[in-house]
Amino acid sequence: MPKWAAIMLAFLLASAPPLQAAEVGSTELVRQCKYPRQGKRSIDENADALQCLSYINGFVAGASIVAGPRPFCIPTTATLVQEADAYLAWAGKHADMLTQPTYVTLQRALAEAFPCPK
């Protein structure tokens with residue numbers, strides 16, 4: 001590795017923000033998911049909207065490859081924004097459950113909004 005690359009790597013590692021503890025509840029995703037439908041947004045709000053939609057997209061993709069019965073069945077016509085809206089609607093009705101991990105509340109919200117046929 002060239003000397004300049006090692007110096008740059010050391011500088012980047014030294015200036016990186018500290019890692020934060022894993023989120024305990026679901027309130028952060030709820031906050032981030034408020035932004036995808038807003039027209040004009042700040043840079044931070046755009047970042048939050050992207051974070052929300054990316055989390056949901058990854059969660060749904062991961063759930064699609066897990067063996068066993070599906071907890072939810074999202075139609076192919078549904079958009080990520082509709083999935084985020086479903087999560088916000090569920091969170092509004094179940095504020096007492098937002099202390100649970102995000103993966104728990106998101107699965108419950110999607111199962112309620114997009115149930116699988118029996």
# chains A, B, ... in the order shown; residues from 1 in each chain; ligands from 1

call {"tool": "residues_around", "arguments": {"residues": "Gln32 of chain A", "least_positions_apart": "6", "cutoff": "12 Å", "atoms": "only C-alpha atoms", "output": "ChimeraX atom specification"}}
result
/A:26,38,44-56,81,84-85,87-88

call {"tool": "residues_around", "arguments": {"residues": "segment 70-79 of chain A", "least_positions_apart": "5", "cutoff": "8 Å", "atoms": "only C-alpha atoms", "output": "list of chain:residue names"}}
result
A:Ala63, A:Ser64, A:Gln107, A:Leu110, A:Ala111, A:Glu112, A:Phe114, A:Pro115, A:Cys116

call {"tool": "select_by_dssp", "arguments": {"residues": "segment 26-118 of chain A", "states": "alpha helix (DSSP H)", "output": "ChimeraX atom specification"}}
result
/A:27-32,43-64,80-93,102-113

call {"tool": "closest_residue", "arguments": {"among": "A:Ala61, A:Ile43, A:Ala86, A:Ala91", "to": "Thr27 of chain A", "atoms": "only C-alpha atoms"}}
result
A:Ala91

call {"tool": "atom_distance", "arguments": {"atom1": "atom CA of Ser42 of chain A", "atom2": "atom CA of Val60 of chain A"}}
result
27.0 Å

call {"tool": "closest_residue", "arguments": {"among": "A:Lys93, A:Glu28, A:Leu80, A:Arg37", "to": "Phe59 of chain A", "atoms": "only C-alpha atoms"}}
result
A:Leu80

call {"tool": "atom_distance", "arguments": {"atom1": "atom CA of Leu98 of chain A", "atom2": "atom CA of Leu29 of chain A"}}
result
9.8 Å

call {"tool": "decode", "arguments": {"residues": "segment 41-68 of chain A", "atoms": "N, CA and C atoms", "output": "PDB file, in the first residue's frame"}}
result
ATOM      1  N   ARG A  41     -38.089  19.098   1.231  1.00  0.00           N
ATOM      2  CA  ARG A  41     -37.424  18.566   2.423  1.00  0.00           C
ATOM      3  C   ARG A  41     -36.023  19.137   2.518  1.00  0.00           C
ATOM      4  N   SER A  42     -35.532  19.173   3.752  1.00  0.00           N
ATOM      5  CA  SER A  42     -34.143  19.566   3.964  1.00  0.00           C
ATOM      6  C   SER A  42     -33.247  18.380   3.604  1.00  0.00           C
ATOM      7  N   ILE A  43     -31.961  18.610   3.571  1.00  0.00           N
ATOM      8  CA  ILE A  43     -31.019  17.517   3.287  1.00  0.00           C
ATOM      9  C   ILE A  43     -31.146  16.429   4.345  1.00  0.00           C
ATOM     10  N   ASP A  44     -31.280  16.818   5.616  1.00  0.00           N
ATOM     11  CA  ASP A  44     -31.424  15.831   6.687  1.00  0.00           C
ATOM     12  C   ASP A  44     -32.722  15.039   6.548  1.00  0.00           C
ATOM     13  N   GLU A  45     -33.787  15.716   6.145  1.00  0.00           N
ATOM     14  CA  GLU A  45     -35.058  15.020   5.957  1.00  0.00           C
ATOM     15  C   GLU A  45     -34.991  14.069   4.767  1.00  0.00           C
ATOM     16  N   ASN A  46     -34.285  14.465   3.712  1.00  0.00           N
ATOM     17  CA  ASN A  46     -34.067  13.555   2.585  1.00  0.00           C
ATOM     18  C   ASN A  46     -33.300  12.322   3.036  1.00  0.00           C
ATOM     19  N   ALA A  47     -32.281  12.530   3.868  1.00  0.00           N
ATOM     20  CA  ALA A  47     -31.499  11.406   4.381  1.00  0.00           C
ATOM     21  C   ALA A  47     -32.380  10.490   5.234  1.00  0.00           C
ATOM     22  N   ASP A  48     -33.245  11.078   6.055  1.00  0.00           N
ATOM     23  CA  ASP A  48     -34.155  10.270   6.876  1.00  0.00           C
ATOM     24  C   ASP A  48     -35.128   9.483   6.009  1.00  0.00           C
ATOM     25  N   ALA A  49     -35.679  10.129   4.984  1.00  0.00           N
ATOM     26  CA  ALA A  49     -36.608   9.442   4.081  1.00  0.00           C
ATOM     27  C   ALA A  49     -35.911   8.260   3.409  1.00  0.00           C
ATOM     28  N   LEU A  50     -34.691   8.481   2.948  1.00  0.00           N
ATOM     29  CA  LEU A  50     -33.927   7.413   2.307  1.00  0.00           C
ATOM     30  C   LEU A  50     -33.634   6.286   3.291  1.00  0.00           C
ATOM     31  N   GLN A  51     -33.292   6.646   4.513  1.00  0.00           N
ATOM     32  CA  GLN A  51     -33.021   5.642   5.548  1.00  0.00           C
ATOM     33  C   GLN A  51     -34.258   4.788   5.810  1.00  0.00           C
ATOM     34  N   CYS A  52     -35.411   5.427   5.916  1.00  0.00           N
ATOM     35  CA  CYS A  52     -36.670   4.718   6.141  1.00  0.00           C
ATOM     36  C   CYS A  52     -36.954   3.737   5.017  1.00  0.00           C
ATOM     37  N   LEU A  53     -36.934   4.242   3.788  1.00  0.00           N
ATOM     38  CA  LEU A  53     -37.268   3.399   2.643  1.00  0.00           C
ATOM     39  C   LEU A  53     -36.243   2.288   2.446  1.00  0.00           C
ATOM     40  N   SER A  54     -34.983   2.564   2.715  1.00  0.00           N
ATOM     41  CA  SER A  54     -33.941   1.542   2.580  1.00  0.00           C
ATOM     42  C   SER A  54     -34.109   0.452   3.625  1.00  0.00           C
ATOM     43  N   TYR A  55     -34.435   0.845   4.851  1.00  0.00           N
ATOM     44  CA  TYR A  55     -34.644  -0.147   5.911  1.00  0.00           C
ATOM     45  C   TYR A  55     -35.802  -1.067   5.547  1.00  0.00           C
ATOM     46  N   ILE A  56     -36.909  -0.469   5.139  1.00  0.00           N
ATOM     47  CA  ILE A  56     -38.086  -1.269   4.786  1.00  0.00           C
ATOM     48  C   ILE A  56     -37.779  -2.172   3.594  1.00  0.00           C
ATOM     49  N   ASN A  57     -37.123  -1.643   2.589  1.00  0.00           N
ATOM     50  CA  ASN A  57     -36.776  -2.430   1.408  1.00  0.00           C
ATOM     51  C   ASN A  57     -35.902  -3.632   1.798  1.00  0.00           C
ATOM     52  N   GLY A  58     -34.894  -3.405   2.604  1.00  0.00           N
ATOM     53  CA  GLY A  58     -34.021  -4.493   3.036  1.00  0.00           C
ATOM     54  C   GLY A  58     -34.749  -5.506   3.908  1.00  0.00           C
ATOM     55  N   PHE A  59     -35.620  -5.013   4.774  1.00  0.00           N
ATOM     56  CA  PHE A  59     -36.386  -5.899   5.645  1.00  0.00           C
ATOM     57  C   PHE A  59     -37.290  -6.813   4.831  1.00  0.00           C
ATOM     58  N   VAL A  60     -38.010  -6.228   3.887  1.00  0.00           N
ATOM     59  CA  VAL A  60     -38.932  -7.007   3.042  1.00  0.00           C
ATOM     60  C   VAL A  60     -38.144  -7.998   2.181  1.00  0.00           C
ATOM     61  N   ALA A  61     -37.022  -7.565   1.627  1.00  0.00           N
ATOM     62  CA  ALA A  61     -36.192  -8.462   0.809  1.00  0.00           C
ATOM     63  C   ALA A  61     -35.667  -9.618   1.650  1.00  0.00           C
ATOM     64  N   GLY A  62     -35.220  -9.316   2.852  1.00  0.00           N
ATOM     65  CA  GLY A  62     -34.722 -10.378   3.731  1.00  0.00           C
ATOM     66  C   GLY A  62     -35.817 -11.357   4.120  1.00  0.00           C
ATOM     67  N   ALA A  63     -36.998 -10.829   4.410  1.00  0.00           N
ATOM     68  CA  ALA A  63     -38.118 -11.701   4.788  1.00  0.00           C
ATOM     69  C   ALA A  63     -38.547 -12.593   3.639  1.00  0.00           C
ATOM     70  N   SER A  64     -38.314 -12.156   2.407  1.00  0.00           N
ATOM     71  CA  SER A  64     -38.748 -12.940   1.251  1.00  0.00           C
ATOM     72  C   SER A  64     -37.904 -14.187   1.035  1.00  0.00           C
ATOM     73  N   ILE A  65     -36.732 -14.251   1.618  1.00  0.00           N
ATOM     74  CA  ILE A  65     -35.878 -15.423   1.400  1.00  0.00           C
ATOM     75  C   ILE A  65     -35.837 -16.362   2.604  1.00  0.00           C
ATOM     76  N   VAL A  66     -36.561 -16.025   3.660  1.00  0.00           N
ATOM     77  CA  VAL A  66     -36.588 -16.866   4.851  1.00  0.00           C
ATOM     78  C   VAL A  66     -37.553 -18.027   4.613  1.00  0.00           C
ATOM     79  N   ALA A  67     -37.124 -19.214   5.011  1.00  0.00           N
ATOM     80  CA  ALA A  67     -37.985 -20.390   4.855  1.00  0.00           C
ATOM     81  C   ALA A  67     -39.132 -20.338   5.864  1.00  0.00           C
ATOM     82  N   GLY A  68     -40.198 -21.002   5.531  1.00  0.00           N
ATOM     83  CA  GLY A  68     -41.335 -21.075   6.436  1.00  0.00           C
ATOM     84  C   GLY A  68     -42.466 -20.173   5.996  1.00  0.00           C
TER      85      GLY A  68
END
